[in-house]
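Peer 1: Okay, so here is protein09.cif, and as you'll see once you scroll down, it has mmCIF, C-alpha atoms.
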```cif
data_target
#
loop_
_atom_site.label_atom_id
_atom_site.label_comp_id
_atom_site.auth_asym_id
_atom_site.auth_seq_id
_atom_site.Cartn_x
_atom_site.Cartn_y
_atom_site.Cartn_z
CA MET A 1 11.70 -17.82 50.32
CA ASP A 2 13.06 -14.72 48.62
CA ASN A 3 11.64 -12.50 45.92
CA ILE A 4 8.15 -13.92 45.70
CA PRO A 5 4.97 -11.80 45.55
CA SER A 6 4.46 -10.10 48.92
CA PRO A 7 0.78 -11.15 49.28
CA LEU A 8 1.89 -14.77 48.90
CA ALA A 9 4.75 -14.38 51.39
CA GLN A 10 2.33 -12.87 53.88
CA MET A 11 -0.22 -15.67 53.41
CA LEU A 12 2.43 -18.36 53.81
CA GLY A 13 3.55 -16.73 57.04
CA GLU A 14 0.00 -16.67 58.38
CA LEU A 15 -0.61 -20.31 57.43
CA GLU A 16 2.47 -21.47 59.29
CA SER A 17 0.97 -20.27 62.55
CA LEU A 18 -2.27 -22.24 62.13
CA ASP A 19 -2.90 -25.68 63.56
CA ARG A 20 -4.39 -28.47 61.45
CA ILE A 21 -8.03 -27.62 62.16
CA GLU A 22 -7.56 -23.87 61.75
CA ARG A 23 -5.71 -24.43 58.49
CA ALA A 24 -8.49 -26.66 57.16
CA GLN A 25 -11.14 -24.08 58.05
CA TYR A 26 -9.13 -21.32 56.41
CA LEU A 27 -8.63 -23.31 53.23
CA ILE A 28 -12.31 -24.29 53.08
CA GLU A 29 -13.28 -20.62 53.35
CA LEU A 30 -10.98 -19.88 50.44
CA SER A 31 -12.51 -22.77 48.51
CA ASP A 32 -15.97 -21.32 49.16
CA GLU A 33 -14.79 -17.95 47.81
CA PHE A 34 -13.34 -19.49 44.66
CA SER A 35 -14.56 -17.70 41.59
CA GLU A 36 -14.48 -19.69 38.35
CA VAL A 37 -13.04 -18.34 35.08
CA PRO A 38 -15.57 -15.89 33.60
CA ASP A 39 -17.35 -16.68 30.33
CA SER A 40 -15.56 -13.74 28.74
CA VAL A 41 -12.29 -15.67 29.10
CA ALA A 42 -13.34 -19.29 28.55
CA THR A 43 -16.45 -21.47 28.30
CA ARG A 44 -16.97 -25.23 28.46
CA PRO A 45 -15.66 -27.44 27.10
CA PHE A 46 -12.42 -25.87 28.26
CA PRO A 47 -9.50 -26.23 25.85
CA GLU A 48 -7.08 -28.98 26.74
CA ASN A 49 -4.04 -26.72 26.46
CA HIS A 50 -5.24 -24.98 29.63
CA ARG A 51 -5.63 -28.21 31.60
CA VAL A 52 -3.32 -28.73 34.58
CA PRO A 53 -1.39 -31.97 34.06
CA LYS A 54 -1.43 -34.57 36.85
CA CYS A 55 -4.40 -32.91 38.57
CA GLU A 56 -7.12 -35.37 39.55
CA SER A 57 -9.44 -32.42 40.29
CA GLU A 58 -9.42 -31.48 36.60
CA ALA A 59 -8.14 -27.95 37.08
CA PHE A 60 -7.58 -25.43 34.28
CA VAL A 61 -5.52 -22.23 34.26
CA TRP A 62 -5.70 -19.06 32.16
CA ALA A 63 -3.41 -16.02 32.26
CA GLN A 64 -4.79 -12.75 30.91
CA ASP A 65 -2.39 -9.92 30.01
CA GLN A 66 -3.11 -6.64 31.77
CA ASP A 67 -2.23 -3.09 30.69
CA ASP A 68 0.42 -2.73 33.39
CA GLY A 69 2.30 -5.78 32.09
CA THR A 70 1.18 -8.10 34.85
CA LEU A 71 -1.13 -11.10 34.53
CA LYS A 72 -4.63 -11.75 35.83
CA TYR A 73 -5.06 -15.45 36.55
CA HIS A 74 -8.28 -17.43 36.22
CA TYR A 75 -8.98 -21.02 37.25
CA ALA A 76 -11.63 -23.68 36.80
CA VAL A 77 -12.00 -26.94 38.73
CA GLU A 78 -14.28 -29.52 37.16
CA ASN A 79 -14.25 -32.22 39.86
CA PRO A 80 -16.96 -31.38 42.42
CA LEU A 81 -14.81 -32.98 45.13
CA GLY A 82 -11.88 -30.73 44.18
CA ILE A 83 -12.00 -28.59 47.31
CA SER A 84 -8.23 -28.35 47.66
CA ALA A 85 -7.86 -27.36 44.02
CA ARG A 86 -10.51 -24.63 44.41
CA ALA A 87 -8.69 -23.32 47.50
CA MET A 88 -5.43 -23.40 45.55
CA GLY A 89 -7.02 -21.49 42.67
CA ALA A 90 -8.35 -18.85 45.05
CA ILE A 91 -4.91 -18.48 46.67
CA LEU A 92 -3.06 -18.22 43.37
CA ASP A 93 -5.48 -15.65 41.99
CA GLU A 94 -5.38 -13.58 45.18
CA THR A 95 -1.61 -13.64 45.61
CA MET A 96 -0.24 -13.86 42.03
CA SER A 97 -2.62 -11.78 39.87
CA GLY A 98 -1.24 -8.28 39.28
CA GLN A 99 2.11 -9.11 40.85
CA PRO A 100 5.52 -8.50 39.23
CA LEU A 101 6.18 -11.28 36.75
CA ASP A 102 9.72 -11.93 37.95
CA GLN A 103 8.37 -12.58 41.43
CA VAL A 104 5.56 -14.83 40.17
CA ALA A 105 8.07 -16.77 38.07
CA ASN A 106 10.14 -17.31 41.18
CA VAL A 107 7.46 -19.13 43.20
CA PRO A 108 8.46 -22.77 43.82
CA PRO A 109 5.78 -25.48 43.44
CA ASP A 110 6.56 -26.89 46.87
CA ILE A 111 4.64 -24.01 48.50
CA VAL A 112 1.75 -26.47 48.41
CA HIS A 113 3.24 -28.21 51.43
CA THR A 114 3.43 -24.94 53.36
CA ILE A 115 -0.16 -24.18 52.38
CA PHE A 116 -1.77 -27.59 52.91
CA GLY A 117 0.53 -28.99 55.56
CA ARG A 118 2.35 -32.26 55.85
CA GLN A 119 -0.87 -34.28 55.76
CA LEU A 120 -1.12 -33.61 52.04
CA SER A 121 -0.94 -36.92 50.19
CA MET A 122 1.66 -37.36 47.48
CA GLY A 123 -0.93 -37.61 44.73
CA LYS A 124 -2.89 -34.55 45.75
CA GLY A 125 0.33 -32.61 46.32
CA GLU A 126 1.48 -33.38 42.81
CA GLY A 127 -1.71 -32.02 41.23
CA LEU A 128 -1.68 -28.84 43.32
CA ALA A 129 2.02 -28.28 42.61
CA ALA A 130 1.21 -28.59 38.91
CA MET A 131 -1.31 -25.73 39.32
CA VAL A 132 1.52 -23.60 40.72
CA GLU A 133 3.87 -24.70 37.95
CA LEU A 134 1.42 -23.78 35.20
CA THR A 135 0.78 -20.41 36.86
CA THR A 136 4.47 -19.55 37.11
CA PHE A 137 5.12 -20.93 33.63
CA GLU A 138 2.83 -18.26 32.17
CA ALA A 139 4.90 -15.56 33.90
CA ARG A 140 8.19 -17.07 32.73
CA GLN A 141 6.87 -17.29 29.18
CA ARG A 142 5.91 -13.57 29.16
CA LEU A 143 9.32 -12.64 30.55
CA ARG A 144 11.05 -14.59 27.78
CA GLN A 145 8.96 -12.86 25.13
CA ARG A 146 10.08 -9.41 26.30
CA MET B 1 -34.30 -58.56 50.71
CA SER B 2 -32.18 -55.45 50.37
CA GLU B 3 -30.35 -54.72 47.15
CA ILE B 4 -27.00 -55.47 48.81
CA ASN B 5 -28.28 -58.82 50.11
CA SER B 6 -29.27 -59.79 46.58
CA ARG B 7 -25.71 -59.48 45.26
CA GLY B 8 -24.65 -62.87 46.59
CA TYR B 9 -21.86 -61.77 48.91
CA ALA B 10 -20.42 -64.16 51.48
CA ASN B 11 -20.91 -61.55 54.17
CA SER B 12 -23.37 -58.94 53.01
CA ASP B 13 -23.43 -57.54 56.56
CA ALA B 14 -20.04 -56.00 55.82
CA LEU B 15 -21.74 -53.43 53.61
CA VAL B 16 -24.52 -50.96 54.30
CA SER B 17 -26.27 -48.73 51.81
CA THR B 18 -26.49 -44.95 51.84
CA ASP B 19 -30.19 -45.43 52.64
CA TRP B 20 -29.30 -47.45 55.72
CA VAL B 21 -26.90 -44.75 56.90
CA ALA B 22 -29.52 -42.05 56.34
CA LYS B 23 -31.96 -44.02 58.52
CA HIS B 24 -29.64 -45.46 61.17
CA GLY B 25 -26.53 -43.30 61.21
CA ASN B 26 -27.46 -41.65 64.46
CA ASP B 27 -28.84 -44.73 66.22
CA ASP B 28 -27.40 -45.61 69.61
CA GLY B 29 -24.53 -48.03 69.16
CA VAL B 30 -23.73 -46.85 65.64
CA ARG B 31 -20.88 -44.50 64.75
CA ILE B 32 -20.34 -43.21 61.22
CA VAL B 33 -16.67 -42.57 60.41
CA GLU B 34 -15.33 -40.70 57.38
CA SER B 35 -11.80 -41.45 56.19
CA ASN B 36 -10.42 -39.64 53.14
CA GLU B 37 -7.31 -38.98 51.18
CA ASP B 38 -8.19 -35.26 51.01
CA PRO B 39 -8.06 -33.78 54.53
CA LEU B 40 -10.31 -30.87 53.48
CA LEU B 41 -13.28 -33.03 52.52
CA TYR B 42 -14.56 -33.91 55.99
CA PRO B 43 -14.47 -30.36 57.41
CA SER B 44 -16.03 -29.01 54.20
CA GLY B 45 -19.13 -31.14 54.80
CA HIS B 46 -19.79 -34.61 56.16
CA ILE B 47 -22.68 -36.92 56.95
CA PRO B 48 -24.48 -35.51 60.01
CA GLY B 49 -23.08 -37.14 63.12
CA ALA B 50 -20.02 -38.59 61.37
CA VAL B 51 -16.59 -38.32 62.95
CA GLU B 52 -13.31 -38.31 61.03
CA ILE B 53 -10.36 -40.68 61.21
CA ASP B 54 -7.37 -39.49 59.20
CA TRP B 55 -5.34 -42.31 57.68
CA ALA B 56 -2.03 -40.54 58.25
CA ALA B 57 -2.48 -38.51 61.42
CA ASP B 58 -4.65 -40.98 63.34
CA LEU B 59 -3.75 -44.48 62.16
CA ASN B 60 0.00 -44.30 61.58
CA ASP B 61 2.78 -44.13 64.12
CA PRO B 62 4.07 -40.54 63.99
CA LEU B 63 7.70 -41.63 63.79
CA ARG B 64 8.18 -45.18 62.50
CA ARG B 65 6.60 -46.69 59.40
CA ASP B 66 4.03 -48.69 61.31
CA TYR B 67 0.54 -48.43 62.71
CA LEU B 68 -0.54 -47.09 66.04
CA ASP B 69 -0.18 -49.24 69.14
CA ARG B 70 -2.81 -50.54 71.54
CA ASP B 71 -2.96 -47.47 73.77
CA SER B 72 -3.14 -45.09 70.84
CA PHE B 73 -5.89 -47.15 69.19
CA ALA B 74 -7.91 -47.28 72.40
CA GLY B 75 -7.46 -43.53 72.82
CA LEU B 76 -8.50 -42.87 69.23
CA MET B 77 -11.62 -44.99 69.49
CA SER B 78 -12.56 -43.46 72.81
CA SER B 79 -12.14 -39.93 71.48
CA LYS B 80 -14.43 -40.74 68.55
CA GLY B 81 -17.15 -42.03 70.85
CA ILE B 82 -16.60 -45.64 69.86
CA SER B 83 -16.84 -48.38 72.46
CA ASN B 84 -16.03 -52.05 71.96
CA ASP B 85 -19.58 -52.95 70.96
CA THR B 86 -20.16 -49.95 68.68
CA THR B 87 -21.03 -50.73 65.07
CA VAL B 88 -18.65 -48.61 63.03
CA VAL B 89 -19.65 -47.66 59.49
CA LEU B 90 -16.82 -46.26 57.41
CA TYR B 91 -17.03 -44.23 54.23
CA GLY B 92 -14.76 -41.91 52.29
CA ASP B 93 -13.39 -40.64 49.03
CA ARG B 94 -11.58 -42.56 46.28
CA SER B 95 -14.23 -45.32 46.16
CA ASN B 96 -13.64 -46.07 49.85
CA TRP B 97 -9.89 -46.80 49.61
CA TRP B 98 -9.19 -45.14 52.91
CA ALA B 99 -12.35 -46.42 54.52
CA CYS B 100 -11.26 -49.98 53.68
CA TYR B 101 -7.75 -49.18 54.89
CA ALA B 102 -9.12 -47.99 58.24
CA LEU B 103 -11.40 -51.03 58.49
CA TRP B 104 -8.43 -53.31 57.82
CA ILE B 105 -6.41 -51.61 60.58
CA PHE B 106 -9.39 -52.03 62.92
CA GLN B 107 -8.99 -55.78 62.36
CA LEU B 108 -5.46 -55.64 63.79
CA PHE B 109 -7.12 -54.71 67.09
CA GLY B 110 -10.00 -57.14 66.76
CA HIS B 111 -12.71 -54.54 66.11
CA THR B 112 -14.63 -56.71 63.68
CA ASN B 113 -17.94 -54.91 64.04
CA ALA B 114 -17.08 -52.52 61.23
CA LYS B 115 -18.79 -52.01 57.87
CA ILE B 116 -18.35 -50.00 54.71
CA MET B 117 -20.99 -47.66 53.28
CA ASP B 118 -21.29 -48.90 49.70
CA GLY B 119 -20.38 -46.20 47.18
CA GLY B 120 -18.70 -44.02 49.77
CA ARG B 121 -18.79 -40.27 49.79
CA MET B 122 -19.21 -40.01 46.03
CA LYS B 123 -22.52 -41.89 46.09
CA TRP B 124 -23.83 -40.01 49.11
CA GLU B 125 -23.11 -36.70 47.37
CA ALA B 126 -24.43 -37.87 44.01
CA GLU B 127 -27.74 -38.72 45.69
CA GLY B 128 -27.97 -35.16 46.99
CA ARG B 129 -28.01 -36.27 50.60
CA GLU B 130 -27.37 -33.94 53.51
CA LEU B 131 -23.86 -32.84 54.42
CA THR B 132 -23.03 -30.63 57.36
CA ARG B 133 -20.03 -28.70 58.61
CA GLU B 134 -21.30 -28.95 62.15
CA ALA B 135 -18.94 -30.89 64.38
CA PRO B 136 -20.76 -33.83 66.00
CA ASP B 137 -21.27 -33.73 69.75
CA VAL B 138 -19.25 -36.78 70.76
CA SER B 139 -18.69 -37.94 74.32
CA ALA B 140 -15.62 -40.02 75.05
CA ALA B 141 -16.42 -43.73 75.24
CA ASN B 142 -14.78 -46.53 77.16
CA TYR B 143 -12.67 -48.64 74.85
CA SER B 144 -10.44 -51.52 75.81
CA ALA B 145 -8.06 -52.62 73.05
CA PRO B 146 -6.02 -55.81 72.93
CA GLU B 147 -2.41 -55.77 71.78
CA ARG B 148 -2.23 -55.33 68.04
CA ASP B 149 -2.22 -58.71 66.32
CA ASP B 150 -0.50 -58.53 62.93
CA SER B 151 -0.54 -62.27 62.38
CA LYS B 152 -3.97 -62.73 60.82
CA VAL B 153 -4.43 -60.08 58.13
CA ARG B 154 -1.07 -58.37 57.73
CA ALA B 155 1.97 -59.60 55.80
CA PHE B 156 5.55 -58.40 56.18
CA ARG B 157 8.38 -58.58 53.67
CA ASP B 158 9.69 -61.93 54.94
CA ASP B 159 6.19 -63.41 54.81
CA VAL B 160 5.98 -62.33 51.19
CA LEU B 161 9.38 -63.81 50.36
CA ALA B 162 8.25 -67.13 51.80
CA HIS B 163 4.95 -66.86 49.91
CA ILE B 164 6.40 -66.45 46.42
CA GLY B 165 4.88 -69.03 44.13
CA ARG B 166 1.62 -69.09 46.03
CA LYS B 167 -1.34 -66.81 45.27
CA MET B 168 -0.60 -63.13 45.28
CA ILE B 169 -2.46 -60.18 43.78
CA ASP B 170 -0.80 -56.95 42.72
CA VAL B 171 -3.64 -54.41 42.64
CA ARG B 172 -1.66 -51.58 41.05
CA SER B 173 -2.16 -50.29 37.53
CA PRO B 174 -0.86 -52.42 34.63
CA GLU B 175 1.87 -49.80 34.03
CA GLU B 176 3.12 -50.13 37.60
CA TYR B 177 2.89 -53.92 37.45
CA SER B 178 4.94 -54.09 34.26
CA GLY B 179 7.57 -51.74 35.65
CA GLU B 180 6.86 -49.14 32.98
CA ARG B 181 6.22 -46.70 35.78
CA LEU B 182 7.07 -46.70 39.49
CA HIS B 183 3.94 -44.95 40.69
CA MET B 184 0.24 -44.50 40.03
CA PRO B 185 -0.69 -42.59 36.90
CA ASP B 186 -0.73 -38.88 37.86
CA TYR B 187 1.07 -39.64 41.10
CA PRO B 188 4.72 -38.82 41.76
CA ASN B 189 7.47 -41.36 42.12
CA GLU B 190 7.32 -42.24 45.79
CA GLY B 191 10.86 -43.39 45.97
CA ALA B 192 10.91 -46.96 44.63
CA LEU B 193 14.26 -47.66 43.03
CA ARG B 194 13.12 -50.61 40.95
CA GLY B 195 9.97 -51.27 38.90
CA GLY B 196 8.09 -54.46 38.20
CA HIS B 197 6.20 -56.84 40.44
CA ILE B 198 6.72 -59.64 42.94
CA PRO B 199 7.32 -62.87 40.97
CA ARG B 200 4.15 -64.74 40.01
CA ALA B 201 1.80 -62.13 41.42
CA ALA B 202 -1.28 -61.67 39.24
CA ASN B 203 -2.29 -58.16 38.28
CA VAL B 204 -5.88 -57.27 39.17
CA PRO B 205 -6.17 -53.49 39.51
CA TRP B 206 -8.25 -52.59 42.57
CA ALA B 207 -10.82 -50.69 40.49
CA SER B 208 -11.83 -53.92 38.76
CA ALA B 209 -13.99 -54.57 41.82
CA ALA B 210 -15.83 -51.25 41.70
CA ASN B 211 -18.64 -49.89 39.60
CA GLU B 212 -18.53 -46.38 38.13
CA ASP B 213 -20.49 -45.02 41.09
CA GLY B 214 -17.98 -46.44 43.58
CA THR B 215 -20.20 -49.32 44.71
CA PHE B 216 -18.87 -52.87 44.73
CA LYS B 217 -19.65 -55.25 41.89
CA ASP B 218 -21.84 -58.22 42.71
CA ALA B 219 -20.37 -61.54 43.81
CA SER B 220 -20.75 -63.19 40.44
CA ALA B 221 -18.81 -60.43 38.69
CA LEU B 222 -16.16 -60.46 41.43
CA ARG B 223 -15.74 -64.23 41.10
CA ASP B 224 -15.27 -63.86 37.36
CA ILE B 225 -12.49 -61.35 38.00
CA TYR B 226 -10.63 -63.00 40.87
CA GLU B 227 -11.35 -66.67 40.21
CA GLY B 228 -12.05 -66.84 36.49
CA ASN B 229 -9.32 -64.46 35.40
CA ALA B 230 -6.79 -64.43 38.23
CA GLY B 231 -7.10 -68.07 39.23
CA LEU B 232 -7.89 -67.66 42.92
CA SER B 233 -10.13 -69.96 44.89
CA SER B 234 -11.70 -69.35 48.26
CA ASP B 235 -9.46 -71.84 50.09
CA ASP B 236 -6.25 -70.17 48.88
CA ASP B 237 -4.06 -68.19 51.21
CA VAL B 238 -3.58 -64.93 49.38
CA ILE B 239 -1.39 -61.86 49.80
CA VAL B 240 -2.44 -58.55 48.24
CA TYR B 241 -0.26 -55.49 47.81
CA CYS B 242 -0.03 -52.14 46.04
CA ARG B 243 2.14 -49.11 46.82
CA ILE B 244 1.60 -48.50 50.54
CA GLY B 245 -1.30 -50.85 51.26
CA GLU B 246 -4.21 -48.50 50.71
CA ARG B 247 -5.53 -49.74 47.36
CA SER B 248 -4.87 -53.33 48.39
CA SER B 249 -7.04 -52.79 51.48
CA HIS B 250 -9.93 -52.35 49.06
CA THR B 251 -9.11 -55.71 47.44
CA TRP B 252 -8.52 -57.31 50.85
CA PHE B 253 -12.05 -56.21 51.82
CA VAL B 254 -13.50 -57.66 48.63
CA LEU B 255 -11.80 -61.05 48.96
CA THR B 256 -12.39 -61.38 52.69
CA ASN B 257 -15.86 -59.99 53.15
CA LEU B 258 -17.58 -60.11 49.80
CA LEU B 259 -16.17 -63.41 48.51
CA GLY B 260 -15.61 -65.04 51.91
CA TYR B 261 -11.91 -65.95 51.61
CA SER B 262 -10.62 -66.93 55.02
CA ASP B 263 -6.89 -66.28 54.62
CA VAL B 264 -6.06 -63.00 52.92
CA LYS B 265 -3.24 -60.79 54.13
CA ASN B 266 -2.43 -57.25 53.10
CA TYR B 267 1.27 -56.49 52.54
CA ASP B 268 1.27 -52.81 53.54
CA GLY B 269 5.01 -52.45 52.96
CA SER B 270 4.00 -53.02 49.34
CA TRP B 271 6.02 -51.66 46.43
CA THR B 272 7.53 -48.76 48.36
CA GLU B 273 9.30 -51.41 50.47
CA TRP B 274 9.79 -54.19 47.93
CA GLY B 275 11.01 -51.89 45.15
CA ASN B 276 13.72 -50.56 47.47
CA SER B 277 14.75 -53.80 49.15
CA VAL B 278 18.19 -55.19 48.38
CA GLY B 279 18.27 -58.62 46.82
CA VAL B 280 14.56 -59.43 46.62
CA PRO B 281 13.37 -61.02 43.38
CA ILE B 282 11.48 -58.88 40.90
CA GLU B 283 9.70 -59.85 37.73
CA LYS B 284 8.82 -57.60 34.81
#
```
Let me see whether you can do it: turn the structure in this file into structure tokens.

Peer 2:
Amino acid sequence: MDNIPSPLAQMLGELESLDRIERAQYLIELSDEFSEVPDSVATRPFPENHRVPKCESEAFVWAQDQDDGTLKYHYAVENPLGISARAMGAILDETMSGQPLDQVANVPPDIVHTIFGRQLSMGKGEGLAAMVELTTFEARQRLRQR
Amino acid sequence: MSEINSRGYANSDALVSTDWVAKHGNDDGVRIVESNEDPLLYPSGHIPGAVEIDWAADLNDPLRRDYLDRDSFAGLMSSKGISNDTTVVLYGDRSNWWACYALWIFQLFGHTNAKIMDGGRMKWEAEGRELTREAPDVSAANYSAPERDDSKVRAFRDDVLAHIGRKMIDVRSPEEYSGERLHMPDYPNEGALRGGHIPRAANVPWASAANEDGTFKDASALRDIYEGNAGLSSDDDVIVYCRIGERSSHTWFVLTNLLGYSDVKNYDGSWTEWGNSVGVPIEK
């Protein structure tokens, strides 16, 4: 996978070396660390135009412009059982925020299978991939506006 | 009389309440098993003492589209501390889809002493009951499994072809049934080339049998749905199907255990097989 943010490339490399149990523990730790969108950016009820389509965990995405031209991403996950979505939000924030927009725009949605492994069900995979798509869409949109 | 016993089910022993699990989950001879769609749920917190059975990694053949064989099933049960006389209580996410799926597969190996925790994981969590990340201390048990017997509760494509015109329930969404879409709402297309349903199958979405909190509706409400609306009767031989056999396991459980039907088979090939098969009849 070429020309994607280096923190993401590094994380994907680390995940590939983990077995199923180690991967689950790692992702749960990330889910525990998930930090919801701050009130300064959005409050409930969250606007529908930030909702991730196809996501059963009811995830939302925001992209905040930063002075250096990059984006700071924020996420919310309304379904209390949305552990995978919270882990995904934590990963996307950690590896995409502040990264060059052309690299963020280049991230394919199928990274969810590298992150969550082949046990990921089709339905859950679709929702998580949509989180990636909405994240990269924001970067592509900024690039088009320049 | 417990609340479940008052619902008029044919076999109320097939269900236990969250209260029952809280009191008896760690009794000798009882094993609580969690089975989910989301593989992160169990390790993120589970009922104390519960083990996990993963529908894909544990119950399916790793290569062919089929279920595990006798030796693999015996090994799985042994590794989970389940012996032949253990009472297994299954629960999970998605209103117990995968718990019912696992229970149905247990029937292929004759492990009939298996129950569902009514309401599943959602109800347990909603009641604020304890969850732990601590792995249970499980000793391997002796388990002797017979050869898998697919003849009683499992239907294959040719069985379904021969069954057309008799009672069949398509438990998918109305949009899938009509052929408007090839997959569950919010789910991707899982590779079916044609949409629609098997001729003369009635459409009763699986969720018709569940309350908002994931518990099962009482027998009277279930009879209204399956007998009043869909025209089934308890002496019918019935085939149920969905997309891969997971949602229809929920309906199989309802018809077999809660309404007491004696001849219900789950067609696990379901629409991902039928919608790709050459020459089979389809109705829209």

Peer 1: Using CA of Asp68 (chain A) and CA of Asp32 (chain A) as the two end points, give the distance in Å to one decimal.

Peer 2: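 Taking CA of Asp68 (chain A) as the start and CA of Asp32 (chain A) as the end point, the length is 29.4 Å.
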
Peer 1: Which residues of region 96-132 of chain B come within 8 Å of region 212-220 of chain B, and for each one, what is the closest pair of atoms and their distance in Å to one decimal, counting all atoms listed in the file, sorted by chain and residue number, as a tab-separated table?

Peer 2:
```
residue	atom	partner	partner_atom	distance
B:Asn96	CA	B:Gly214	CA	7.6
B:Asp118	CA	B:Thr215	CA	5.1
B:Gly119	CA	B:Thr215	CA	4.0
B:Gly120	CA	B:Gly214	CA	6.7
B:Met122	CA	B:Gly214	CA	7.0
B:Lys123	CA	B:Asp213	CA	6.2
```

Peer 1: With all atoms listed in the file considered, list every residue of chain A at most 10 Å from chain B, as a ChimeraX atom specification.

Peer 2: /A:20-21,23-25,27-29,31-32,53-56,80-84,87,116-127

Peer 1: Name the residues that the PyMOL selection byres ((chain B and resi 194) around 10) pulls out of this structure, and write them as a list of chain:residue names.

Peer 2: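 What the PyMOL selection byres ((chain B and resi 194) around 10) grabs from the file is B:Gly179, B:Arg181, B:Leu182, B:Gly191, B:Ala192, B:Leu193, B:Gly195, B:Gly196, B:His197, B:Trp271, B:Thr272, B:Trp274, B:Gly275, B:Asn276, B:Ser277, B:Ile282.
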
Peer 1: Can you tell me, as number ranges by chain, what residues are no more than 9 Å from region 156-165 of chain B when counting only C-alpha atoms, ignoring any on the same chain fewer than 4 positions away?

Peer 2: B: 198-201, 238-239, 266-270, 273-274, 280-281

Peer 1: Please produce an output containing C-alpha atoms for each residue in the selection, written as a PDB file, in the frame of the given file.

Peer 2:
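Final file, selection13.pdb:
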```
ATOM      1  CA  ILE B 198       6.720 -59.640  42.940  1.00  0.00           C
ATOM      2  CA  PRO B 199       7.320 -62.870  40.970  1.00  0.00           C
ATOM      3  CA  ARG B 200       4.150 -64.740  40.010  1.00  0.00           C
ATOM      4  CA  ALA B 201       1.800 -62.130  41.420  1.00  0.00           C
ATOM      5  CA  VAL B 238      -3.580 -64.930  49.380  1.00  0.00           C
ATOM      6  CA  ILE B 239      -1.390 -61.860  49.800  1.00  0.00           C
ATOM      7  CA  ASN B 266      -2.430 -57.250  53.100  1.00  0.00           C
ATOM      8  CA  TYR B 267       1.270 -56.490  52.540  1.00  0.00           C
ATOM      9  CA  ASP B 268       1.270 -52.810  53.540  1.00  0.00           C
ATOM     10  CA  GLY B 269       5.010 -52.450  52.960  1.00  0.00           C
ATOM     11  CA  SER B 270       4.000 -53.020  49.340  1.00  0.00           C
ATOM     12  CA  GLU B 273       9.300 -51.410  50.470  1.00  0.00           C
ATOM     13  CA  TRP B 274       9.790 -54.190  47.930  1.00  0.00           C
ATOM     14  CA  VAL B 280      14.560 -59.430  46.620  1.00  0.00           C
ATOM     15  CA  PRO B 281      13.370 -61.020  43.380  1.00  0.00           C
TER      16      PRO B 281
END
```

Peer 1: So how far away is CA of Arg86 (chain A) from CA of Leu12 (chain A), in Å?

Peer 2: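 Taking CA of Leu12 (chain A) as the start and CA of Arg86 (chain A) as the end point, the length is 17.2 Å.
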
Peer 1: Could you pull the residues within 8 Å of Ser97 (chain A), counting all atoms listed in the file, minus those fewer than 2 positions along the same chain, as a ChimeraX atom specification?

Peer 2: /A:70-73,92-95,99

Peer 1: Just give me the gap between CA of Ser35 (chain A) and CA of Val52 (chain A) in Å, one decimal is fine.

Peer 2: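 Atom-to-atom, CA of Ser35 (chain A) to CA of Val52 (chain A), that is 17.2 Å.
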
Peer 1: On this file, the PyMOL selection byres ((chain B and resi 203) around 9) gives some set of residues; write that set as a PyMOL selection string.

Peer 2: chain B and resi 168-174+177+197+201-202+204-205+230

Peer 1: For the provided coordinates, the residues matched by the PyMOL selection byres ((chain B and resi 68-79) around 12) should be stated as an MDAnalysis selection string.

Peer 2: chainID B and resid 31 33 51:67 80:88 102 105:111 136:150

Peer 1: Could you list, as JSON, numbers by chain, every residue within 9 Å of Met11 (chain A), counting only C-alpha atoms and ignoring same-chain residues fewer than 5 positions away?

Peer 2: {"A": [6, 16, 91, 95, 115]}

Peer 1: For a quick check of understanding, using all atoms listed in the file, which of B:Val264, B:Ala22, B:Val16, B:Ile116 has the smallest distance to Ser35 (chain B)?

Peer 2: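 For Ser35 (chain B), the nearest of the given residues is B:Ile116.
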